[in-house]
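Trainee: The following file, entry_37.cif, comprises mmCIF, C-alpha atoms:
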```
data_input
loop_
_atom_site.label_atom_id
_atom_site.label_comp_id
_atom_site.auth_asym_id
_atom_site.auth_seq_id
_atom_site.Cartn_x
_atom_site.Cartn_y
_atom_site.Cartn_z
CA MET A 37 13.10 66.04 1.42
CA SER A 38 14.54 62.92 0.01
CA ILE A 39 17.58 62.88 2.27
CA PHE A 40 15.33 62.33 5.26
CA LYS A 41 13.54 59.44 3.66
CA ARG A 42 14.88 56.24 5.04
CA THR A 43 14.63 53.19 2.88
CA PRO A 44 14.65 50.01 4.89
CA LYS A 45 18.08 48.46 4.78
CA ARG A 46 18.05 45.20 2.88
CA VAL A 47 19.57 42.42 4.96
CA ASP A 48 22.05 40.18 3.24
CA LEU A 49 20.61 36.80 4.18
CA THR A 50 23.73 34.90 3.22
CA THR A 51 25.62 36.50 6.10
CA LEU A 52 23.11 35.41 8.73
CA SER A 53 23.46 32.32 10.89
CA ASP A 54 20.97 29.46 10.73
CA ALA A 55 19.44 30.49 14.04
CA GLU A 56 18.90 34.07 12.82
CA LEU A 57 17.41 32.84 9.57
CA VAL A 58 15.06 30.52 11.42
CA GLU A 59 13.83 33.44 13.51
CA MET A 60 13.25 35.51 10.38
CA ALA A 61 11.67 32.59 8.51
CA ARG A 62 8.79 32.52 10.98
CA THR A 63 7.52 35.71 9.41
CA GLU A 64 9.39 36.05 6.15
CA LYS A 65 9.48 33.41 3.48
CA GLY A 66 12.63 34.82 1.92
CA ALA A 67 14.63 33.74 4.95
CA PHE A 68 13.38 30.21 4.51
CA GLY A 69 14.51 30.45 0.90
CA GLU A 70 18.06 31.03 2.12
CA LEU A 71 17.86 28.01 4.43
CA TYR A 72 16.56 26.04 1.47
CA GLU A 73 19.55 27.09 -0.63
CA ARG A 74 21.91 26.06 2.16
CA TYR A 75 20.55 22.60 2.77
CA LEU A 76 18.74 21.44 -0.35
CA LYS A 77 21.65 19.58 -1.94
CA ARG A 78 22.74 17.93 1.29
CA ILE A 79 19.26 16.71 2.14
CA TYR A 80 18.72 15.56 -1.44
CA ASN A 81 21.97 13.60 -1.40
CA TYR A 82 21.19 12.02 1.93
CA ILE A 83 17.80 10.84 0.68
CA TYR A 84 19.10 9.90 -2.75
CA PHE A 85 21.65 7.46 -1.37
CA ARG A 86 19.13 6.01 1.05
CA THR A 87 16.46 5.41 -1.56
CA GLY A 88 18.65 4.84 -4.62
CA SER A 89 16.11 6.61 -6.80
CA PRO A 90 16.33 10.21 -8.07
CA HIS A 91 12.54 10.47 -8.42
CA ASP A 92 11.87 9.32 -4.89
CA ALA A 93 14.68 11.54 -3.67
CA GLU A 94 12.98 14.55 -5.29
CA ASP A 95 9.60 13.63 -3.81
CA LEU A 96 10.95 13.11 -0.32
CA THR A 97 13.18 16.19 -0.45
CA ALA A 98 10.15 18.26 -1.39
CA ARG A 99 8.24 16.78 1.53
CA VAL A 100 11.10 17.50 3.94
CA PHE A 101 11.18 21.18 3.06
CA THR A 102 7.42 21.51 2.92
CA ARG A 103 7.16 20.00 6.38
CA ALA A 104 10.03 22.10 7.70
CA MET A 105 8.39 25.27 6.42
CA ALA A 106 5.02 24.32 7.84
CA HIS A 107 6.47 23.58 11.28
CA ILE A 108 9.20 26.17 11.51
CA GLY A 109 7.05 28.13 13.94
CA GLN A 110 7.18 25.23 16.35
CA TYR A 111 10.92 24.68 16.04
CA THR A 112 12.90 25.75 19.06
CA ASP A 113 16.67 25.52 19.25
CA ARG A 114 17.02 23.51 22.46
CA GLY A 115 20.49 22.30 21.70
CA LEU A 116 19.28 20.90 18.39
CA PRO A 117 20.54 23.00 15.50
CA PHE A 118 18.31 23.60 12.50
CA GLN A 119 20.50 21.34 10.37
CA ALA A 120 20.01 18.41 12.75
CA TRP A 121 16.26 19.07 12.88
CA LEU A 122 16.09 18.99 9.08
CA TYR A 123 18.04 15.75 8.91
CA ARG A 124 15.75 14.17 11.47
CA ILE A 125 12.74 15.03 9.31
CA ALA A 126 14.55 13.55 6.32
CA HIS A 127 15.44 10.44 8.28
CA ASN A 128 11.88 9.91 9.48
CA LEU A 129 10.38 10.40 6.04
CA THR A 130 12.91 8.04 4.47
CA ALA A 131 12.23 5.42 7.15
CA ASN A 132 8.50 5.72 6.45
CA TRP A 133 9.19 5.43 2.75
CA HIS A 134 11.10 2.20 3.29
CA ARG A 135 8.29 0.85 5.42
CA ASP A 136 5.65 1.77 2.84
CA GLN A 137 7.59 0.38 -0.05
CA GLY A 138 8.24 -2.90 1.67
CA ARG A 139 10.86 -3.51 -0.92
CA ARG A 140 14.08 -2.46 0.52
CA LYS A 141 16.71 -3.04 -2.10
CA VAL A 142 18.60 -6.14 -1.16
CA ILE A 143 20.97 -7.52 -3.69
CA PRO A 144 21.22 -11.30 -3.58
CA LEU A 145 24.49 -12.54 -2.20
CA GLU A 146 25.09 -14.58 -5.34
CA ASP A 147 24.88 -11.50 -7.51
CA TYR A 148 27.29 -9.81 -5.23
CA ILE A 149 29.80 -12.60 -5.36
CA THR A 150 29.59 -13.18 -9.09
CA GLY A 151 30.54 -9.55 -9.68
CA GLU A 152 33.95 -9.20 -11.20
CA LEU A 153 36.14 -8.23 -8.29
CA ILE A 154 39.66 -7.28 -9.18
CA GLY A 155 42.51 -8.48 -7.03
CA ASP A 156 42.61 -10.79 -4.07
CA SER A 157 41.90 -8.46 -1.20
CA PRO A 158 39.63 -5.49 -0.55
CA ASP A 159 42.63 -3.33 -1.46
CA HIS A 160 41.83 -3.77 -5.11
CA TRP A 161 38.10 -3.83 -5.38
CA VAL A 162 37.36 -0.18 -5.87
CA GLU A 163 38.07 -0.01 -9.55
CA ASP A 164 34.94 0.88 -11.44
CA GLU A 165 31.33 1.84 -11.05
CA GLU A 166 30.12 -1.74 -10.84
CA GLU A 167 32.29 -2.36 -7.83
CA LEU A 168 31.23 0.89 -6.24
CA GLU A 169 27.65 -0.25 -6.61
CA MET A 170 28.60 -3.47 -4.85
CA LEU A 171 30.02 -1.45 -2.01
CA ARG A 172 26.77 0.53 -1.81
CA ALA A 173 24.86 -2.74 -1.78
CA ALA A 174 26.98 -3.98 1.12
CA VAL A 175 26.24 -0.75 2.98
CA ARG A 176 22.52 -1.21 2.37
CA ARG A 177 22.69 -4.53 4.17
CA ILE A 178 24.04 -3.16 7.44
CA PRO A 179 21.69 -1.92 10.22
CA GLU A 180 19.87 1.32 9.55
CA ASP A 181 21.60 3.44 12.18
CA ARG A 182 24.98 2.46 10.75
CA GLN A 183 23.84 3.28 7.23
CA GLN A 184 22.68 6.66 8.46
CA LEU A 185 26.04 7.29 10.08
CA LEU A 186 27.99 6.39 6.93
CA LEU A 187 25.80 8.57 4.73
CA LEU A 188 26.02 11.55 7.04
CA LYS A 189 29.76 11.08 7.12
CA PHE A 190 30.52 10.43 3.45
CA VAL A 191 27.67 12.10 1.59
CA ASP A 192 27.18 15.14 3.75
CA GLY A 193 30.70 15.32 5.17
CA LEU A 194 29.49 16.01 8.69
CA SER A 195 31.70 15.80 11.75
CA ASN A 196 31.13 13.33 14.55
CA ALA A 197 29.72 16.11 16.73
CA GLU A 198 27.19 17.14 14.06
CA ILE A 199 26.21 13.53 13.44
CA GLY A 200 25.80 13.07 17.19
CA GLN A 201 23.28 15.92 17.27
CA ILE A 202 21.27 14.33 14.48
CA MET A 203 21.37 10.81 15.87
CA ASP A 204 20.98 11.94 19.46
CA LYS A 205 24.26 10.41 20.61
CA THR A 206 27.47 11.79 22.05
CA GLU A 207 30.47 12.52 19.86
CA GLY A 208 32.39 9.67 21.52
CA ALA A 209 29.55 7.24 20.87
CA ILE A 210 29.55 8.20 17.20
CA LYS A 211 33.31 7.72 16.97
CA SER A 212 33.00 4.29 18.48
CA LEU A 213 30.02 3.35 16.31
CA TYR A 214 31.91 4.51 13.23
CA HIS A 215 34.83 2.26 14.12
CA ARG A 216 32.53 -0.74 14.67
CA THR A 217 30.67 -0.03 11.44
CA LEU A 218 33.84 0.12 9.35
CA THR A 219 35.17 -3.05 10.97
CA ALA A 220 31.94 -4.93 10.30
CA LEU A 221 31.85 -3.69 6.71
CA ARG A 222 35.48 -4.61 6.11
CA ASP A 223 34.99 -8.09 7.57
CA GLU A 224 31.92 -8.65 5.45
CA LEU A 225 33.77 -7.61 2.30
CA GLN A 226 36.73 -9.80 3.17
CA GLY A 227 34.37 -12.71 3.75
CA LEU A 228 32.71 -12.12 0.41
CA THR A 229 36.07 -11.93 -1.32
CA SER A 230 37.21 -15.22 0.18
CA ASP A 231 33.86 -16.85 -0.68
CA ARG A 232 34.33 -15.68 -4.24
CA ASP A 233 37.83 -17.14 -4.32
CA ASP A 234 36.56 -20.46 -3.00
CA ASP A 235 33.84 -20.42 -5.64
CA ALA A 236 36.35 -19.72 -8.40
CA HIS A 237 38.60 -22.49 -7.08
CA ARG A 238 35.70 -24.96 -7.05
CA LYS A 239 34.83 -24.02 -10.64
CA LYS A 240 38.42 -24.67 -11.71
CA LEU A 241 38.30 -28.15 -10.18
CA MET B 194 64.51 3.90 40.12
CA THR B 195 66.18 2.51 37.02
CA CYS B 196 65.69 4.17 33.72
CA PRO B 197 64.84 2.10 30.66
CA PRO B 198 67.70 1.87 28.17
CA THR B 199 67.55 3.94 25.00
CA PRO B 200 69.58 3.69 21.81
CA TYR B 201 71.43 6.73 22.97
CA GLY B 202 72.03 5.43 26.44
CA ILE B 203 70.18 8.26 28.12
CA TYR B 204 66.56 8.06 29.14
CA GLN B 205 64.85 10.98 27.54
CA GLY B 206 61.43 10.71 29.13
CA ASP B 207 58.04 9.67 27.86
CA SER B 208 57.79 12.63 25.54
CA GLN B 209 60.23 10.90 23.24
CA MET B 210 58.11 7.75 23.06
CA LYS B 211 55.79 7.37 20.14
CA VAL B 212 52.22 7.87 21.26
CA GLN B 213 49.79 5.89 19.17
CA THR B 214 46.45 7.32 18.24
CA PRO B 215 43.62 4.95 19.20
CA LEU B 216 42.08 3.24 16.18
CA PRO B 217 38.61 4.90 16.39
CA ASP B 218 40.26 8.34 16.51
CA ALA B 219 42.56 7.42 13.65
CA LEU B 220 39.68 6.25 11.46
CA THR B 221 37.76 9.44 12.06
CA ALA B 222 40.85 11.52 11.34
CA MET B 223 41.61 9.55 8.18
CA THR B 224 38.06 9.95 6.91
CA ASP B 225 37.99 13.67 7.62
CA ALA B 226 41.37 14.06 5.94
CA LEU B 227 40.18 12.17 2.89
CA LEU B 228 36.91 14.06 2.57
CA HIS B 229 37.96 17.54 3.58
CA GLY B 230 41.70 17.59 3.00
CA GLN B 231 43.99 17.02 0.08
CA GLY B 232 42.95 13.42 -0.35
CA GLU B 233 45.52 10.63 -0.34
CA ALA B 234 48.38 12.64 1.13
CA ASP B 235 46.28 13.85 4.04
CA LEU B 236 44.87 10.40 4.60
CA ARG B 237 48.38 8.96 4.97
CA ARG B 238 49.39 11.83 7.22
CA ALA B 239 46.37 11.19 9.43
CA ALA B 240 47.29 7.52 9.63
CA HIS B 241 50.90 8.29 10.54
CA ASN B 242 50.61 7.79 14.29
CA ALA B 243 47.80 5.28 14.05
CA PRO B 244 48.11 1.55 14.62
CA VAL B 245 49.29 -0.35 11.54
CA GLU B 246 45.83 -1.85 11.24
CA ALA B 247 44.42 1.58 10.38
CA MET B 248 45.87 1.49 6.88
CA THR B 249 43.97 -1.71 6.11
CA TYR B 250 40.83 0.44 6.21
CA ALA B 251 42.21 2.92 3.71
CA PRO B 252 41.05 1.14 0.51
CA MET B 253 37.54 0.88 1.89
CA LEU B 254 37.53 4.54 2.90
CA ARG B 255 38.66 5.54 -0.59
CA GLY B 256 35.94 3.36 -2.07
CA MET B 257 33.32 4.89 0.21
CA ALA B 258 34.41 8.39 -0.73
CA ARG B 259 33.99 7.51 -4.40
CA ALA B 260 30.77 5.54 -3.99
CA TYR B 261 29.12 8.38 -2.09
CA ALA B 262 30.40 11.33 -4.06
CA PRO B 263 27.60 13.91 -3.88
CA VAL B 264 25.19 14.11 -6.81
CA GLU B 265 23.47 17.22 -8.13
CA PRO B 266 19.68 17.42 -8.12
CA SER B 267 18.20 18.70 -11.36
CA LEU B 268 18.10 22.46 -11.78
CA ALA B 269 14.42 22.36 -12.75
CA PHE B 270 13.58 20.52 -9.55
CA MET B 271 15.51 22.98 -7.37
CA ARG B 272 13.90 25.98 -9.08
CA ASP B 273 10.36 24.57 -9.07
CA LEU B 274 10.47 23.46 -5.45
CA LYS B 275 11.73 26.85 -4.33
CA THR B 276 8.95 28.55 -6.26
CA GLU B 277 6.41 26.21 -4.68
CA LEU B 278 7.70 26.86 -1.18
CA LEU B 279 7.91 30.62 -1.50
CA THR B 280 4.90 31.40 -3.69
CA GLY B 281 2.63 28.40 -3.19
CA LYS B 282 2.56 27.75 -6.94
CA LYS B 283 2.47 24.00 -7.39
CA ARG B 284 5.39 22.53 -9.25
CA PRO B 285 4.64 20.25 -12.20
CA GLU B 286 3.57 16.78 -11.18
CA GLN B 287 6.09 14.09 -11.77
CA ILE B 288 4.90 11.52 -14.24
CA LYS B 289 5.35 8.12 -12.77
CA VAL B 290 5.10 4.92 -14.65
CA ALA B 291 3.88 1.97 -12.73
CA ILE B 292 3.86 -1.52 -14.05
CA VAL B 293 0.31 -2.72 -13.60
CA LEU B 294 -0.45 -6.34 -14.19
CA PRO B 295 -3.49 -6.99 -16.41
CA ARG B 296 -6.55 -7.70 -14.34
CA ILE B 297 -8.28 -10.97 -14.95
CA HIS B 298 -12.06 -11.16 -14.50
CA PRO B 299 -12.82 -14.89 -14.37
CA VAL B 300 -16.59 -14.44 -14.26
CA GLY B 301 -16.63 -12.19 -17.30
CA TRP B 302 -14.37 -14.49 -19.25
CA ALA B 303 -16.57 -17.50 -18.30
CA PHE B 304 -19.75 -15.75 -19.54
CA ALA B 305 -18.09 -14.68 -22.77
CA GLY B 306 -16.74 -18.18 -23.35
CA GLY B 307 -20.11 -19.74 -22.57
CA PHE B 308 -21.98 -17.46 -24.99
CA ALA B 309 -19.44 -18.08 -27.73
CA THR B 310 -19.66 -21.86 -27.30
CA LEU B 311 -23.45 -21.76 -27.28
CA GLY B 312 -23.47 -19.68 -30.46
CA VAL B 313 -21.16 -22.12 -32.22
CA VAL B 314 -23.28 -25.11 -31.11
CA LEU B 315 -26.47 -23.45 -32.38
CA LEU B 316 -24.87 -22.70 -35.75
CA VAL B 317 -23.66 -26.28 -36.09
CA LEU B 318 -27.11 -27.68 -35.15
CA ARG B 319 -28.80 -25.43 -37.66
CA TRP B 320 -26.39 -26.49 -40.36
CA LEU B 321 -26.96 -30.17 -39.52
CA GLY B 322 -30.71 -29.55 -39.62
CA THR B 323 -30.54 -28.16 -43.15
CA VAL B 324 -28.31 -31.04 -44.26
CA PHE B 325 -30.70 -33.71 -42.94
CA ALA B 326 -33.73 -31.86 -44.34
CA ALA B 327 -32.13 -31.82 -47.79
CA ARG B 328 -31.45 -35.59 -47.63
CA ASN B 329 -35.07 -36.37 -46.68
CA GLY B 330 -36.29 -34.55 -49.82
CA GLN B 331 -38.08 -31.89 -47.91
CA PRO B 332 -38.01 -28.49 -49.43
CA ARG B 333 -35.49 -26.20 -47.94
CA PRO B 334 -37.01 -23.40 -46.03
CA ALA B 335 -37.00 -20.20 -47.96
CA PRO B 336 -34.41 -17.77 -46.75
CA THR B 337 -35.94 -15.10 -44.65
CA ARG B 338 -35.33 -11.52 -45.51
#
```
Represent the structure of the file as structure tokens.
Mentor:
Amino acid sequence: MSIFKRTPKRVDLTTLSDAELVEMARTEKGAFGELYERYLKRIYNYIYFRTGSPHDAEDLTARVFTRAMAHIGQYTDRGLPFQAWLYRIAHNLTANWHRDQGRRKVIPLEDYITGELIGDSPDHWVEDEEELEMLRAAVRRIPEDRQQLLLLKFVDGLSNAEIGQIMDKTEGAIKSLYHRTLTALRDELQGLTSDRDDDAHRKKL
Amino acid sequence: MTCPPTPYGIYQGDSQMKVQTPLPDALTAMTDALLHGQGEADLRRAAHNAPVEAMTYAPMLRGMARAYAPVEPSLAFMRDLKTELLTGKKRPEQIKVAIVLPRIHPVGWAFAGGFATLGVVLLVLRWLGTVFAARNGQPRPAPTR
């Protein structure tokens, strides 16, 4: 009789935690599909802002998920959440990409300075896309670990604790590094602004 | 023990003193407020107990939030990659355009140039030969068919 027939209950994957999905994904591809949905945009954004190219971001994102799926059987949650594991893969692949390319985008200082900055202090220089690109260029010049921290913070909106898991540092160390990074970036921008003013003054004379 | 003077004349304890948030904490709080809160209002609220210096970072934080506003990957890419991961069906290859400089083969160009020069020299010599032959009154060789 049909009332005794039990149809397997379909699990709503969206309600499961990452750890549960990872366990399921070892045997069921659908579970990996849910993890993909959760993290695709974040990983894509992280890579996109590190490479500056949508095509390369697509290529590398595809490689991140392909690698994650291939190695999910070997992943064990020893204090490293799935999210952090995924970001580490993304970070390694992006670092390799930079090494292979050998053409890390570095905008010449002159180009940076000749950009039309509005106002006298950094308070005024976030006005349009051109200036935002200058800010991104300044970020690209700082050490890689600091770039990674800023992207995880601003692009992916992660907390210091989550960033600490990805970068293998304590929450306090991340907080301190964040402070130092912002200070260095601010000083560099102030220096560039004053250089630009000096340049403008010299041109007037 | 003498109590420090207060505007009201009565020492009210340390709880009444303004406790400043250390700058690294304030910067983290300001960023989180800007990214996850109501924006400007929350940023200012987060900076309320922070050192005055904290607000000098605010323009840069706003700029960073704008410069790194998340972008959307293309829908086709998201769909195709998911299909590839779950079914193994390869997604369409991305067409890449690479700027390739023209290759120069010096040896080939030298041979071609040499043959061309030799051909021109032979033609000129032959023409000179016919001219001198005509001047000497010798009959011109019949054209070969």
Trainee: Would you tabulate, counting only C-alpha atoms, all residues of chain A that have an atom at most 9 Å from an atom of chain B, showing the closest pair of atoms and their distance in Å to one decimal, sorted by chain then ascending number, as JSON lines?
Mentor:
```
{"residue": "A:Lys65", "atom": "CA", "partner": "B:Leu279", "partner_atom": "CA", "distance": 5.9}
{"residue": "A:Gly66", "atom": "CA", "partner": "B:Leu279", "partner_atom": "CA", "distance": 7.2}
{"residue": "A:Phe68", "atom": "CA", "partner": "B:Leu279", "partner_atom": "CA", "distance": 8.1}
{"residue": "A:Gly69", "atom": "CA", "partner": "B:Lys275", "partner_atom": "CA", "distance": 6.9}
{"residue": "A:Tyr72", "atom": "CA", "partner": "B:Lys275", "partner_atom": "CA", "distance": 7.6}
{"residue": "A:Glu73", "atom": "CA", "partner": "B:Lys275", "partner_atom": "CA", "distance": 8.7}
{"residue": "A:Leu76", "atom": "CA", "partner": "B:Met271", "partner_atom": "CA", "distance": 7.9}
{"residue": "A:Lys77", "atom": "CA", "partner": "B:Pro266", "partner_atom": "CA", "distance": 6.8}
{"residue": "A:Arg78", "atom": "CA", "partner": "B:Pro263", "partner_atom": "CA", "distance": 8.2}
{"residue": "A:Tyr80", "atom": "CA", "partner": "B:Pro266", "partner_atom": "CA", "distance": 7.0}
{"residue": "A:Asn81", "atom": "CA", "partner": "B:Pro263", "partner_atom": "CA", "distance": 6.2}
{"residue": "A:Tyr82", "atom": "CA", "partner": "B:Pro263", "partner_atom": "CA", "distance": 8.9}
{"residue": "A:Tyr84", "atom": "CA", "partner": "B:Val264", "partner_atom": "CA", "distance": 8.4}
{"residue": "A:Phe85", "atom": "CA", "partner": "B:Tyr261", "partner_atom": "CA", "distance": 7.6}
{"residue": "A:Pro90", "atom": "CA", "partner": "B:Pro266", "partner_atom": "CA", "distance": 8.0}
{"residue": "A:His91", "atom": "CA", "partner": "B:Gln287", "partner_atom": "CA", "distance": 8.1}
{"residue": "A:Ala93", "atom": "CA", "partner": "B:Pro266", "partner_atom": "CA", "distance": 8.9}
{"residue": "A:Glu94", "atom": "CA", "partner": "B:Phe270", "partner_atom": "CA", "distance": 7.4}
{"residue": "A:Asp95", "atom": "CA", "partner": "B:Gln287", "partner_atom": "CA", "distance": 8.7}
{"residue": "A:Ala98", "atom": "CA", "partner": "B:Leu274", "partner_atom": "CA", "distance": 6.6}
{"residue": "A:Phe101", "atom": "CA", "partner": "B:Leu278", "partner_atom": "CA", "distance": 7.9}
{"residue": "A:Thr102", "atom": "CA", "partner": "B:Leu278", "partner_atom": "CA", "distance": 6.7}
{"residue": "A:Met105", "atom": "CA", "partner": "B:Leu278", "partner_atom": "CA", "distance": 7.8}
{"residue": "A:Pro158", "atom": "CA", "partner": "B:Pro252", "partner_atom": "CA", "distance": 6.9}
{"residue": "A:Asp159", "atom": "CA", "partner": "B:Pro252", "partner_atom": "CA", "distance": 5.1}
{"residue": "A:His160", "atom": "CA", "partner": "B:Pro252", "partner_atom": "CA", "distance": 7.5}
{"residue": "A:Trp161", "atom": "CA", "partner": "B:Gly256", "partner_atom": "CA", "distance": 8.2}
{"residue": "A:Val162", "atom": "CA", "partner": "B:Gly256", "partner_atom": "CA", "distance": 5.4}
{"residue": "A:Glu163", "atom": "CA", "partner": "B:Gly256", "partner_atom": "CA", "distance": 8.5}
{"residue": "A:Glu165", "atom": "CA", "partner": "B:Ala260", "partner_atom": "CA", "distance": 8.0}
{"residue": "A:Glu167", "atom": "CA", "partner": "B:Gly256", "partner_atom": "CA", "distance": 8.9}
{"residue": "A:Leu168", "atom": "CA", "partner": "B:Ala260", "partner_atom": "CA", "distance": 5.2}
{"residue": "A:Glu169", "atom": "CA", "partner": "B:Ala260", "partner_atom": "CA", "distance": 7.1}
{"residue": "A:Leu171", "atom": "CA", "partner": "B:Ala260", "partner_atom": "CA", "distance": 7.3}
{"residue": "A:Arg172", "atom": "CA", "partner": "B:Ala260", "partner_atom": "CA", "distance": 6.8}
{"residue": "A:Leu186", "atom": "CA", "partner": "B:Met257", "partner_atom": "CA", "distance": 8.7}
{"residue": "A:Leu187", "atom": "CA", "partner": "B:Tyr261", "partner_atom": "CA", "distance": 7.6}
{"residue": "A:Lys189", "atom": "CA", "partner": "B:Thr224", "partner_atom": "CA", "distance": 8.4}
{"residue": "A:Phe190", "atom": "CA", "partner": "B:Ala258", "partner_atom": "CA", "distance": 6.1}
{"residue": "A:Val191", "atom": "CA", "partner": "B:Tyr261", "partner_atom": "CA", "distance": 5.4}
{"residue": "A:Asp192", "atom": "CA", "partner": "B:Pro263", "partner_atom": "CA", "distance": 7.7}
{"residue": "A:Gly193", "atom": "CA", "partner": "B:Leu228", "partner_atom": "CA", "distance": 6.8}
{"residue": "A:Leu194", "atom": "CA", "partner": "B:Asp225", "partner_atom": "CA", "distance": 8.9}
{"residue": "A:Ser195", "atom": "CA", "partner": "B:Asp225", "partner_atom": "CA", "distance": 7.8}
{"residue": "A:Asn196", "atom": "CA", "partner": "B:Thr221", "partner_atom": "CA", "distance": 8.1}
{"residue": "A:Lys211", "atom": "CA", "partner": "B:Pro217", "partner_atom": "CA", "distance": 6.0}
{"residue": "A:Ser212", "atom": "CA", "partner": "B:Pro217", "partner_atom": "CA", "distance": 6.0}
{"residue": "A:Leu213", "atom": "CA", "partner": "B:Pro217", "partner_atom": "CA", "distance": 8.7}
{"residue": "A:Tyr214", "atom": "CA", "partner": "B:Pro217", "partner_atom": "CA", "distance": 7.4}
{"residue": "A:His215", "atom": "CA", "partner": "B:Pro217", "partner_atom": "CA", "distance": 5.1}
{"residue": "A:Arg216", "atom": "CA", "partner": "B:Pro217", "partner_atom": "CA", "distance": 8.5}
{"residue": "A:Leu218", "atom": "CA", "partner": "B:Tyr250", "partner_atom": "CA", "distance": 7.7}
{"residue": "A:Thr219", "atom": "CA", "partner": "B:Tyr250", "partner_atom": "CA", "distance": 8.2}
{"residue": "A:Leu221", "atom": "CA", "partner": "B:Met253", "partner_atom": "CA", "distance": 8.7}
{"residue": "A:Arg222", "atom": "CA", "partner": "B:Met253", "partner_atom": "CA", "distance": 7.2}
```
Trainee: Provide the CA of Tyr75 in chain A to CA of Ile199 in chain A distance in Å, to one decimal place.
Mentor: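 Interatomic distance here is 15.1 Å.
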Trainee: Quick one: distance from CA of Arg176 in chain A to CA of Leu236 in chain B in Å, one decimal?
Mentor: 25.3 Å
Trainee: Kindly give the distance, in Å, that separates CA of Ile202 in chain A and CA of Ala120 in chain A, rounded to a single decimal.
Mentor: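 Computing the Euclidean distance for CA of Ile202 in chain A and CA of Ala120 in chain A yields 4.6 Å.
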Trainee: Starting from the structure just given, write a file holding range 294-319 of chain B with C-alpha atoms, as a CSV table (one decimal), in the first residue's frame.
Mentor:
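Generated file (selection.csv):
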```
chain,number,residue,atom,x,y,z
B,294,LEU,CA,54.4,40.5,-32.6
B,295,PRO,CA,55.2,39.5,-36.2
B,296,ARG,CA,58.1,37.1,-36.4
B,297,ILE,CA,61.1,38.1,-38.4
B,298,HIS,CA,63.1,35.4,-40.2
B,299,PRO,CA,66.3,37.1,-41.2
B,300,VAL,CA,67.7,34.1,-43.2
B,301,GLY,CA,64.5,33.8,-45.3
B,302,TRP,CA,64.4,37.5,-45.9
B,303,ALA,CA,68.1,37.5,-46.9
B,304,PHE,CA,67.6,34.6,-49.4
B,305,ALA,CA,64.5,36.3,-50.9
B,306,GLY,CA,66.4,39.6,-51.2
B,307,GLY,CA,69.4,37.9,-52.8
B,308,PHE,CA,67.3,36.1,-55.4
B,309,ALA,CA,65.4,39.2,-56.3
B,310,THR,CA,68.6,41.2,-56.7
B,311,LEU,CA,70.2,38.5,-58.8
B,312,GLY,CA,67.1,38.4,-61.0
B,313,VAL,CA,67.2,42.1,-61.6
B,314,VAL,CA,70.9,42.1,-62.4
B,315,LEU,CA,70.4,39.3,-64.9
B,316,LEU,CA,67.6,41.1,-66.6
B,317,VAL,CA,69.7,44.3,-66.8
B,318,LEU,CA,72.7,42.4,-68.2
B,319,ARG,CA,70.5,40.7,-70.8
```
